[in-house]
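Colleague: For reference, this is input-v8.csv, and it has CSV, C-alpha atoms and all ligand atoms.
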chain,number,residue,atom,x,y,z
A,10,MET,CA,-195.0,112.0,-85.8
A,11,ASN,CA,-192.2,109.6,-84.8
A,12,LEU,CA,-189.9,108.2,-87.4
A,13,LEU,CA,-188.2,104.9,-87.7
A,14,GLU,CA,-184.4,104.9,-87.3
A,15,TYR,CA,-183.7,104.3,-91.0
A,16,GLU,CA,-186.1,107.2,-91.9
A,17,ALA,CA,-184.4,109.5,-89.4
A,18,LYS,CA,-181.0,108.6,-90.7
A,19,SER,CA,-181.9,109.2,-94.3
A,20,ILE,CA,-182.8,112.8,-93.2
A,21,LEU,CA,-179.5,113.2,-91.3
A,22,ARG,CA,-177.6,112.2,-94.4
A,23,LYS,CA,-179.2,115.0,-96.4
A,24,PHE,CA,-177.6,117.4,-93.9
A,25,ASN,CA,-174.2,115.8,-94.0
A,26,ILE,CA,-174.4,114.2,-90.6
A,27,PRO,CA,-172.3,111.0,-90.7
A,28,THR,CA,-174.2,107.7,-90.3
A,29,PRO,CA,-173.0,104.1,-90.7
A,30,SER,CA,-173.6,102.6,-94.1
A,31,GLY,CA,-176.5,100.3,-94.2
A,32,ALA,CA,-179.5,98.8,-96.0
A,33,VAL,CA,-183.2,98.3,-95.1
A,34,ILE,CA,-184.1,94.6,-95.1
A,35,ARG,CA,-187.7,93.5,-95.6
A,36,SER,CA,-189.0,89.9,-95.1
A,37,ASP,CA,-188.5,89.1,-98.8
A,38,SER,CA,-185.1,90.9,-99.2
A,39,LYS,CA,-181.9,89.1,-99.8
A,40,PRO,CA,-180.0,88.8,-96.5
A,41,PRO,CA,-177.0,91.1,-96.0
A,42,GLY,CA,-173.4,89.9,-95.8
A,43,SER,CA,-171.6,89.3,-92.5
A,44,PRO,CA,-170.5,90.7,-90.1
A,45,VAL,CA,-173.4,93.1,-89.7
A,46,VAL,CA,-175.4,94.8,-87.0
A,47,LEU,CA,-179.1,94.0,-87.4
A,48,LYS,CA,-181.6,96.5,-85.9
A,49,SER,CA,-185.3,96.1,-85.5
A,50,GLN,CA,-187.2,99.1,-87.1
A,51,VAL,CA,-189.9,99.8,-84.5
A,52,HIS,CA,-191.1,103.1,-83.1
A,53,SER,CA,-190.4,102.4,-79.5
A,54,GLY,CA,-187.0,103.0,-77.9
A,55,GLY,CA,-185.1,100.5,-75.7
A,56,ARG,CA,-184.6,98.1,-78.6
A,57,GLY,CA,-181.1,97.2,-77.5
A,58,LYS,CA,-182.2,96.0,-74.1
A,59,ALA,CA,-185.1,94.1,-75.6
A,60,GLY,CA,-182.9,92.2,-78.0
A,61,GLY,CA,-183.8,94.1,-81.1
A,62,VAL,CA,-180.2,95.2,-81.9
A,63,ARG,CA,-177.9,92.3,-82.6
A,64,LEU,CA,-174.5,91.6,-84.1
A,65,ALA,CA,-174.3,88.8,-86.5
A,66,LYS,CA,-170.8,87.5,-87.3
A,67,SER,CA,-171.5,84.8,-89.9
A,68,ASP,CA,-173.9,84.3,-92.7
A,69,ASP,CA,-175.7,81.5,-90.7
A,70,GLU,CA,-176.0,83.9,-87.8
A,71,VAL,CA,-177.4,86.6,-90.1
A,72,ALA,CA,-180.2,84.3,-91.3
A,73,LYS,CA,-181.1,83.1,-87.7
A,74,THR,CA,-180.9,86.7,-86.2
A,75,LEU,CA,-183.1,88.1,-89.0
A,76,SER,CA,-185.8,85.6,-88.4
A,77,ASP,CA,-185.5,86.1,-84.6
A,78,ILE,CA,-185.8,89.9,-84.9
A,79,PHE,CA,-188.7,89.8,-87.3
A,80,ARG,CA,-190.6,87.6,-84.8
A,81,LEU,CA,-189.7,89.7,-81.7
A,82,ALA,CA,-192.4,92.2,-80.6
A,83,ILE,CA,-191.0,95.2,-78.8
A,84,LYS,CA,-193.6,96.9,-76.6
A,85,GLY,CA,-196.2,95.1,-78.7
A,86,GLU,CA,-194.8,96.2,-82.0
A,87,LYS,CA,-193.2,93.8,-84.5
A,88,PRO,CA,-190.9,95.3,-87.2
A,89,ARG,CA,-191.8,95.4,-90.8
A,90,SER,CA,-188.1,95.9,-91.6
A,91,ILE,CA,-184.7,95.5,-90.2
A,92,LEU,CA,-181.8,97.9,-90.7
A,93,ALA,CA,-178.6,96.1,-91.5
A,94,GLU,CA,-175.5,98.3,-90.8
A,95,GLU,CA,-171.8,98.1,-90.9
A,96,VAL,CA,-170.3,97.1,-87.6
A,97,LEU,CA,-168.8,100.1,-85.8
A,98,GLU,CA,-165.7,99.7,-83.6
A,99,ILE,CA,-166.8,101.8,-80.7
A,100,ASN,CA,-164.4,103.7,-78.5
A,101,ARG,CA,-166.9,105.8,-76.8
A,102,GLU,CA,-170.7,106.4,-76.8
A,103,ILE,CA,-171.9,110.0,-76.4
A,104,TYR,CA,-175.5,111.4,-76.1
A,105,VAL,CA,-176.5,114.4,-78.1
A,106,SER,CA,-180.0,115.8,-78.8
A,107,LEU,CA,-181.8,118.9,-79.9
A,108,VAL,CA,-185.1,119.7,-78.2
A,109,ILE,CA,-187.5,122.6,-78.0
A,110,ASN,CA,-187.3,124.5,-74.7
A,111,ARG,CA,-190.9,125.7,-74.6
A,112,SER,CA,-190.6,127.9,-71.6
A,113,ASP,CA,-187.8,129.9,-73.3
A,114,SER,CA,-189.1,129.5,-76.9
A,115,SER,CA,-185.7,128.3,-77.8
A,116,ILE,CA,-183.8,125.3,-79.3
A,117,GLU,CA,-181.5,123.5,-76.9
A,118,LEU,CA,-178.7,121.1,-77.4
A,119,VAL,CA,-178.4,118.5,-74.6
A,120,ALA,CA,-175.4,116.3,-74.3
A,121,ASN,CA,-173.9,113.7,-72.0
A,122,ARG,CA,-170.4,112.3,-71.9
A,123,ASP,CA,-171.7,108.8,-71.4
A,124,GLY,CA,-174.4,107.9,-74.0
A,125,GLY,CA,-175.8,104.5,-74.8
A,126,VAL,CA,-178.6,102.3,-73.5
A,127,GLU,CA,-178.1,103.4,-69.8
A,128,VAL,CA,-178.2,107.2,-70.5
A,129,GLU,CA,-181.4,107.5,-68.4
A,130,SER,CA,-179.3,106.8,-65.3
A,131,GLN,CA,-177.0,109.8,-66.1
A,132,THR,CA,-177.5,113.1,-64.3
A,133,ASP,CA,-174.8,115.5,-65.4
A,134,PHE,CA,-176.1,116.7,-68.8
A,135,GLY,CA,-174.7,119.7,-70.6
A,136,ARG,CA,-177.3,122.2,-72.0
A,137,TRP,CA,-176.8,125.1,-74.4
A,138,GLU,CA,-179.2,127.2,-76.3
A,139,VAL,CA,-178.5,127.0,-80.1
A,140,SER,CA,-179.6,129.8,-82.3
A,141,ASP,CA,-178.9,131.2,-85.8
A,142,GLY,CA,-175.7,132.9,-84.8
A,143,ASN,CA,-174.0,130.8,-82.2
A,144,GLN,CA,-173.4,127.3,-83.6
A,145,GLU,CA,-169.6,127.6,-83.6
A,146,THR,CA,-169.6,128.7,-80.0
A,147,VAL,CA,-171.8,125.8,-78.9
A,148,GLY,CA,-169.6,123.4,-80.9
A,149,ARG,CA,-166.6,124.7,-79.0
A,150,LYS,CA,-168.3,124.3,-75.7
A,151,LEU,CA,-169.5,120.9,-76.6
A,152,ALA,CA,-165.9,119.8,-77.4
A,153,GLU,CA,-164.8,121.2,-74.1
A,154,TYR,CA,-167.6,119.5,-72.2
A,155,LEU,CA,-166.9,116.1,-73.9
A,156,ASP,CA,-163.2,116.6,-73.4
A,157,LEU,CA,-162.5,116.1,-77.1
A,158,PRO,CA,-160.4,119.2,-78.0
A,159,GLU,CA,-159.1,117.5,-81.2
A,160,GLN,CA,-162.7,117.2,-82.4
A,161,GLU,CA,-163.6,120.8,-82.0
A,162,PHE,CA,-164.0,121.6,-85.7
A,163,VAL,CA,-165.9,118.4,-86.3
A,164,LEU,CA,-168.3,119.1,-83.5
A,165,GLN,CA,-168.8,122.7,-84.7
A,166,ASP,CA,-169.8,121.3,-88.1
A,167,LEU,CA,-172.0,118.7,-86.4
A,168,VAL,CA,-173.8,121.3,-84.3
A,169,LYS,CA,-174.3,123.5,-87.4
A,170,ASN,CA,-175.7,120.5,-89.4
A,171,LEU,CA,-177.9,119.3,-86.6
A,172,TYR,CA,-179.4,122.7,-86.1
A,173,GLU,CA,-180.0,123.2,-89.8
A,174,CYS,CA,-181.6,119.8,-90.0
A,175,PHE,CA,-183.8,120.4,-87.0
A,176,VAL,CA,-185.1,123.7,-88.2
A,177,LYS,CA,-185.6,123.0,-91.9
A,178,GLU,CA,-187.2,119.7,-91.3
A,179,ASP,CA,-189.6,121.0,-88.5
A,180,MET,CA,-188.4,118.6,-85.9
A,181,ILE,CA,-189.5,118.8,-82.2
A,182,LEU,CA,-186.9,116.1,-81.2
A,183,LEU,CA,-183.7,115.0,-82.7
A,184,GLU,CA,-181.8,112.5,-80.5
A,185,ILE,CA,-178.5,110.8,-81.4
A,186,ASN,CA,-177.8,108.1,-78.9
A,187,PRO,CA,-175.2,106.9,-79.2
A,188,LEU,CA,-173.1,109.4,-81.1
A,189,VAL,CA,-170.2,107.0,-81.6
A,190,LEU,CA,-166.5,107.9,-81.4
A,191,THR,CA,-165.0,105.1,-83.5
A,192,ALA,CA,-161.6,103.5,-83.0
A,193,ASP,CA,-160.4,105.6,-85.9
A,194,SER,CA,-161.6,108.8,-84.3
A,195,LYS,CA,-164.7,109.5,-86.4
A,196,LEU,CA,-168.0,110.7,-84.9
A,197,VAL,CA,-170.9,108.8,-86.4
A,198,ALA,CA,-174.6,108.8,-85.5
A,199,GLY,CA,-175.0,105.2,-84.3
A,200,ASP,CA,-178.8,105.7,-83.7
A,201,ALA,CA,-181.3,108.4,-84.4
A,202,LYS,CA,-184.6,109.2,-83.0
A,203,VAL,CA,-186.7,112.0,-84.7
A,204,THR,CA,-190.1,113.4,-83.9
A,205,LEU,CA,-191.5,115.8,-86.6
A,206,ASP,CA,-194.0,118.5,-85.9
A,207,ASP,CA,-197.3,117.3,-87.3
A,208,ASP,CA,-198.6,120.9,-87.6
A,209,ALA,CA,-195.8,121.6,-90.2
A,210,LYS,CA,-196.9,118.7,-92.5
A,211,PHE,CA,-198.5,121.1,-95.0
A,212,ARG,CA,-195.0,122.4,-96.1
A,213,HIS,CA,-193.4,119.0,-96.5
A,214,ASP,CA,-194.9,117.0,-99.4
A,215,ASP,CA,-192.0,114.6,-99.0
A,216,TRP,CA,-193.0,113.5,-95.5
A,217,ILE,CA,-194.1,110.0,-96.3
A,218,PHE,CA,-193.1,107.8,-93.4
A,219,GLU,CA,-194.2,104.4,-92.1
A,220,GLN,CA,-196.7,104.8,-89.3
A,221,THR,CA,-198.0,102.1,-87.1
A,222,SER,CA,-200.9,101.9,-84.7
A,223,ALA,CA,-198.5,101.7,-81.8
A,224,GLY,CA,-200.1,102.5,-78.5
A,225,SER,CA,-203.5,101.1,-79.6
A,226,ASN,CA,-204.9,97.8,-78.5
A,227,PHE,CA,-206.5,95.7,-81.2
A,228,VAL,CA,-208.2,92.3,-80.5
A,229,SER,CA,-209.7,90.4,-83.4
A,230,LEU,CA,-213.0,88.8,-82.3
A,231,ASP,CA,-214.6,87.2,-85.3
A,232,ARG,CA,-213.1,87.1,-88.9
A,233,GLN,CA,-216.7,86.8,-90.1
A,234,GLY,CA,-217.9,89.8,-88.0
A,235,THR,CA,-219.8,92.5,-89.9
A,236,VAL,CA,-219.4,95.5,-87.6
A,237,ALA,CA,-216.0,96.8,-86.7
A,238,THR,CA,-215.5,99.0,-83.7
A,239,ILE,CA,-213.1,101.9,-83.0
A,240,ALA,CA,-213.2,103.6,-79.6
A,241,ASN,CA,-210.8,105.2,-77.1
A,242,GLY,CA,-210.2,103.7,-73.6
A,243,ALA,CA,-210.6,100.0,-72.9
A,244,GLY,CA,-213.8,100.6,-71.0
A,245,LEU,CA,-215.5,102.5,-73.8
A,246,ALA,CA,-214.2,100.1,-76.4
A,247,MET,CA,-215.6,97.1,-74.5
A,248,ALA,CA,-218.9,98.8,-74.0
A,249,THR,CA,-219.0,99.6,-77.7
A,250,VAL,CA,-218.5,95.9,-78.6
A,251,ASP,CA,-221.2,94.9,-76.1
A,252,ALA,CA,-223.6,97.4,-77.5
A,253,VAL,CA,-223.1,96.1,-81.0
A,254,HIS,CA,-223.7,92.6,-79.8
A,255,ALA,CA,-226.8,93.6,-77.8
A,256,ARG,CA,-228.3,95.0,-81.0
A,257,GLY,CA,-228.0,91.5,-82.5
A,258,LEU,CA,-225.1,92.5,-84.8
A,259,LYS,CA,-221.8,90.7,-85.1
A,260,PRO,CA,-218.8,92.6,-83.8
A,261,ALA,CA,-215.5,91.9,-85.6
A,262,ASN,CA,-213.0,93.4,-83.2
A,263,PHE,CA,-212.2,95.3,-80.1
A,264,LEU,CA,-210.0,98.4,-80.7
A,265,ASP,CA,-208.9,101.0,-78.1
A,266,ILE,CA,-206.9,103.6,-80.1
A,267,GLY,CA,-205.1,104.6,-76.9
A,268,GLY,CA,-204.5,107.9,-75.1
A,269,GLY,CA,-201.6,108.9,-77.3
A,270,ALA,CA,-203.6,108.5,-80.6
A,271,THR,CA,-202.5,110.8,-83.4
A,272,VAL,CA,-203.9,111.2,-86.9
A,273,ASP,CA,-201.4,108.8,-88.3
A,274,SER,CA,-201.9,106.1,-85.6
A,275,VAL,CA,-205.7,106.2,-86.1
A,276,VAL,CA,-205.2,105.9,-89.9
A,277,ALA,CA,-203.0,102.9,-89.2
A,278,SER,CA,-205.7,101.4,-87.1
A,279,PHE,CA,-208.1,101.6,-90.0
A,280,LYS,CA,-205.6,99.5,-91.9
A,281,GLN,CA,-205.9,96.7,-89.4
A,282,LEU,CA,-209.6,96.3,-90.4
A,283,SER,CA,-208.7,95.3,-93.9
A,284,GLY,CA,-208.4,91.7,-92.8
A,285,PHE,CA,-212.1,91.4,-92.2
A,286,PRO,CA,-213.9,90.4,-95.5
A,287,GLN,CA,-217.5,90.6,-94.2
A,288,LEU,CA,-217.5,94.1,-92.8
A,289,THR,CA,-220.5,96.3,-93.7
A,290,ALA,CA,-220.1,99.0,-91.0
A,291,ILE,CA,-217.5,100.6,-88.8
A,292,VAL,CA,-218.7,102.1,-85.5
A,293,ILE,CA,-216.5,104.9,-84.2
A,294,ASN,CA,-217.3,105.8,-80.6
A,295,ILE,CA,-214.9,108.5,-79.1
A,296,PHE,CA,-215.1,110.4,-75.9
A,297,GLY,CA,-212.3,112.9,-76.3
A,298,GLY,CA,-210.2,113.6,-73.2
A,299,ILE,CA,-206.5,113.4,-74.0
A,300,VAL,CA,-207.5,112.2,-77.5
A,301,ARG,CA,-208.7,115.1,-79.6
A,302,CYS,CA,-211.9,114.5,-81.6
A,303,ASP,CA,-210.6,116.7,-84.4
A,304,ASP,CA,-207.5,114.5,-84.8
A,305,VAL,CA,-209.9,111.5,-85.1
A,306,ALA,CA,-211.9,113.4,-87.6
A,307,ARG,CA,-208.8,114.1,-89.7
A,308,ALA,CA,-207.9,110.5,-89.5
A,309,ILE,CA,-211.3,109.5,-90.7
A,310,ILE,CA,-211.1,111.8,-93.7
A,311,GLU,CA,-207.6,110.6,-94.5
A,312,ALA,CA,-208.6,106.9,-94.2
A,313,ARG,CA,-211.5,107.4,-96.6
A,314,LYS,CA,-209.0,108.8,-99.1
A,315,GLN,CA,-206.4,106.0,-98.5
A,316,PHE,CA,-208.6,102.9,-98.4
A,317,ASP,CA,-211.0,102.0,-101.2
A,318,ASN,CA,-214.2,100.2,-100.3
A,319,LEU,CA,-214.3,101.4,-96.7
A,320,PRO,CA,-217.5,100.1,-95.2
A,321,THR,CA,-220.1,102.8,-94.1
A,322,LEU,CA,-219.0,104.7,-91.1
A,323,TYR,CA,-221.3,105.3,-88.1
A,324,ILE,CA,-219.6,108.0,-86.0
A,325,ARG,CA,-220.3,109.4,-82.6
A,326,LEU,CA,-217.8,111.9,-81.2
A,327,SER,CA,-218.0,114.0,-78.0
A,328,GLY,CA,-215.6,115.7,-75.6
A,329,ASN,CA,-212.3,117.4,-76.4
A,330,ARG,CA,-212.6,119.4,-79.7
A,331,ALA,CA,-215.9,117.7,-80.8
A,332,LYS,CA,-217.1,121.0,-82.3
A,333,GLU,CA,-214.0,121.3,-84.6
A,334,ALA,CA,-214.4,117.6,-85.5
A,335,ALA,CA,-218.1,118.1,-86.4
A,336,GLU,CA,-217.1,121.0,-88.7
A,337,LEU,CA,-214.4,119.0,-90.4
A,338,LEU,CA,-216.7,116.0,-91.0
A,339,ALA,CA,-219.5,118.2,-92.1
A,340,SER,CA,-217.3,119.8,-94.8
A,341,GLU,CA,-216.8,116.2,-96.2
A,342,SER,CA,-220.5,115.4,-95.9
A,343,ILE,CA,-219.8,112.7,-93.3
A,344,THR,CA,-222.7,112.0,-91.0
A,345,LEU,CA,-222.4,112.2,-87.2
A,346,TYR,CA,-224.8,110.6,-84.7
A,347,PRO,CA,-225.6,112.2,-81.4
A,348,THR,CA,-225.4,108.9,-79.4
A,349,LEU,CA,-224.1,105.4,-79.9
A,350,SER,CA,-227.7,104.0,-79.8
A,351,ASP,CA,-228.7,106.3,-82.7
A,352,ALA,CA,-225.7,105.0,-84.7
A,353,LEU,CA,-226.5,101.4,-84.0
A,354,ARG,CA,-230.2,101.8,-84.8
A,355,GLU,CA,-229.1,103.1,-88.3
A,356,ILE,CA,-226.9,100.0,-88.8
A,357,SER,CA,-229.8,97.7,-87.9
A,358,ASN,CA,-232.1,99.6,-90.3
A,359,ALA,CA,-229.5,99.7,-93.2
B,1,LIG,P1,-181.7,101.5,-78.9
B,1,LIG,O1,-181.4,100.5,-77.8
B,1,LIG,O2,-183.0,101.4,-79.5
B,1,LIG,O3,-181.4,102.9,-78.5
B,1,LIG,O4,-180.7,101.1,-80.1
B,1,LIG,P2,-179.2,101.6,-80.5
B,1,LIG,O5,-179.1,101.7,-81.9
B,1,LIG,O6,-178.8,102.8,-79.7
B,1,LIG,O7,-178.2,100.4,-80.1
B,1,LIG,C1,-178.1,100.0,-78.7
B,1,LIG,C2,-176.6,99.7,-78.4
B,1,LIG,O8,-176.1,98.7,-79.3
B,1,LIG,C3,-175.7,100.9,-78.6
B,1,LIG,O9,-175.7,101.8,-77.5
B,1,LIG,C4,-174.4,100.2,-78.8
B,1,LIG,O10,-173.8,99.9,-77.5
B,1,LIG,C5,-174.7,98.9,-79.4
B,1,LIG,N1,-174.4,98.9,-80.9
B,1,LIG,C6,-175.2,99.4,-81.9
B,1,LIG,N2,-174.5,99.3,-83.1
B,1,LIG,C7,-173.3,98.9,-82.8
B,1,LIG,C8,-172.1,98.6,-83.6
B,1,LIG,O11,-172.0,98.8,-84.8
B,1,LIG,N3,-171.0,98.1,-82.9
B,1,LIG,C9,-171.0,97.9,-81.6
B,1,LIG,N4,-169.9,97.4,-81.0
B,1,LIG,N5,-172.1,98.1,-80.8
B,1,LIG,C10,-173.2,98.6,-81.4
B,2,MN,MN,-180.2,104.4,-79.1
Is it possible to give me this structure as structure tokens?
Modeller:
Amino acid sequence: MNLLEYEAKSILRKFNIPTPSGAVIRSDSKPPGSPVVLKSQVHSGGRGKAGGVRLAKSDDEVAKTLSDIFRLAIKGEKPRSILAEEVLEINREIYVSLVINRSDSSIELVANRDGGVEVESQTDFGRWEVSDGNQETVGRKLAEYLDLPEQEFVLQDLVKNLYECFVKEDMILLEINPLVLTADSKLVAGDAKVTLDDDAKFRHDDWIFEQTSAGSNFVSLDRQGTVATIANGAGLAMATVDAVHARGLKPANFLDIGGGATVDSVVASFKQLSGFPQLTAIVINIFGGIVRCDDVARAIIEARKQFDNLPTLYIRLSGNRAKEAAELLASESITLYPTLSDALREISNA
């Protein structure tokens, strides 16, 4: 599960990792004072280059920039909130991340002397394994690598806090880009990108984060449609809409949940169906390849808990992990159909 920047930064603060002061602005919030940095809260990266991170110097500029950013879709995603932060006076931008090195079963700190929006073009990254006993050593090496000897103690604390945060919060990625060296020689997390390990959710009751259906492709066809469709892959999604139509039923939408679909993104997809008042059925037609049928099953179970008055579900799942999916759904007494035609016949007969 990927977090929004403001969510990631709220975790960093719990572990004493310095972040700029800021506030989350919703469309109905009072605008922040100026000057201020306004940052679109979407899940995709590259916001700066897309115009989603802007400096507003006057109150007039704040109002105009807020409305611009709320309307700007970044890789298909519009923000539901904007992070308003104090303006940092930047001396230098550094790249720091913690990642899991799967081949070594270790946690690795990756750094670059030149962070910022062009970091992808850098080649000379420093890499150090971080473990329970060596955070001071890694902090010292990082200070050397970055050529910041006067920041050695600060970097040692930073490595210690980042590592603790990464482990305790079950992260699989923690990226700070830029780690800002300010004009008054402070090191501050200017941006934060966090991916949490979905499999560790059971031990974190406090993991309540905003999820969107990013990566999916939703097309509204008919507000008065009675049958919603959920499928994976554009071809299967289109064929599903056609099959509903061929049965003499009224399809409401086209929805391809996308190859990167996760439990949360599929639950978010269900939310998009709430704008259709006439729905009597939802057809779910999944051929699991990269998408795992058991993840879709978990999303179905979760969606039934979260959304009241969900129309009747007509589900056909096959492929990757279909057996596990069938078991999960059976334990909730949710019916599965062997083919799409069987599912559609039931809708016609209902
Ligand atoms: P990203 O493009 O999604 O990674 O968004 P970032 O939060 O990393 O912001 C992109 C860039 O905007 C940074 O690399 C900085 O160069 C710039 N930026 C962000 N906040 C500030 C700020 O407070 N002051 C200044 N001068 N630049 C900023
Ligand atoms: Mn960034």
Colleague: Name each residue within 8 Å of ligand MN 2 (chain B), counting all atoms listed in the file, as number ranges by chain.
Modeller: A: 54-57, 125-126, 185-187, 199-202
Colleague: Using all atoms listed in the file, which of A:Arg256, A:Arg101, A:Lys39, A:Lys150 sits nearest Leu188 (chain A)?
Modeller: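 Nearest candidate to Leu188 (chain A) out of A:Arg256, A:Arg101, A:Lys39, A:Lys150: A:Arg101.
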Colleague: Could the residues that lie within 10 Å of ligand LIG 1 (chain B), counting all atoms listed in the file, be listed as a PyMOL selection string?
Modeller: chain A and resi 14+29+44-64+92-104+124-128+184-189+191+198-202
Colleague: Find the residues around Ser357 (chain A) up to 10 Å (all atoms listed in the file counted), leave out those fewer than 4 positions away in its own chain, and share them as a list in words.
Modeller: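 The filter keeps Val253, Arg256, Gly257, Leu258, Ala352 and Leu353 of chain A.
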Colleague: For the residues in that selection, give me C-alpha atoms as a PDB file, in the frame of the given file.
Modeller:
ATOM      1  CA  VAL A 253    -223.100  96.100 -81.000  1.00  0.00           C
ATOM      2  CA  ARG A 256    -228.300  95.000 -81.000  1.00  0.00           C
ATOM      3  CA  GLY A 257    -228.000  91.500 -82.500  1.00  0.00           C
ATOM      4  CA  LEU A 258    -225.100  92.500 -84.800  1.00  0.00           C
ATOM      5  CA  ALA A 352    -225.700 105.000 -84.700  1.00  0.00           C
ATOM      6  CA  LEU A 353    -226.500 101.400 -84.000  1.00  0.00           C
TER       7      LEU A 353
END
Colleague: Find the spatial neighbours of Asp351 (chain A), counting all atoms listed in the file, within a cut-off of 12 Å - ignore same-chain residues fewer than 2 positions away - and output them as an NGL selection string.
Modeller: :A and (252-253 or 256 or 292 or 294 or 323-325 or 344-349 or 353-358)
Colleague: Store the residues of this selection in a file with C-alpha atoms, as a PDB file, in the frame of the given file.
Modeller:
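Writing the result to result_22.pdb gives the following:
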ATOM      1  CA  ALA A 252    -223.600  97.400 -77.500  1.00  0.00           C
ATOM      2  CA  VAL A 253    -223.100  96.100 -81.000  1.00  0.00           C
ATOM      3  CA  ARG A 256    -228.300  95.000 -81.000  1.00  0.00           C
ATOM      4  CA  VAL A 292    -218.700 102.100 -85.500  1.00  0.00           C
ATOM      5  CA  ASN A 294    -217.300 105.800 -80.600  1.00  0.00           C
ATOM      6  CA  TYR A 323    -221.300 105.300 -88.100  1.00  0.00           C
ATOM      7  CA  ILE A 324    -219.600 108.000 -86.000  1.00  0.00           C
ATOM      8  CA  ARG A 325    -220.300 109.400 -82.600  1.00  0.00           C
ATOM      9  CA  THR A 344    -222.700 112.000 -91.000  1.00  0.00           C
ATOM     10  CA  LEU A 345    -222.400 112.200 -87.200  1.00  0.00           C
ATOM     11  CA  TYR A 346    -224.800 110.600 -84.700  1.00  0.00           C
ATOM     12  CA  PRO A 347    -225.600 112.200 -81.400  1.00  0.00           C
ATOM     13  CA  THR A 348    -225.400 108.900 -79.400  1.00  0.00           C
ATOM     14  CA  LEU A 349    -224.100 105.400 -79.900  1.00  0.00           C
ATOM     15  CA  LEU A 353    -226.500 101.400 -84.000  1.00  0.00           C
ATOM     16  CA  ARG A 354    -230.200 101.800 -84.800  1.00  0.00           C
ATOM     17  CA  GLU A 355    -229.100 103.100 -88.300  1.00  0.00           C
ATOM     18  CA  ILE A 356    -226.900 100.000 -88.800  1.00  0.00           C
ATOM     19  CA  SER A 357    -229.800  97.700 -87.900  1.00  0.00           C
ATOM     20  CA  ASN A 358    -232.100  99.600 -90.300  1.00  0.00           C
TER      21      ASN A 358
END
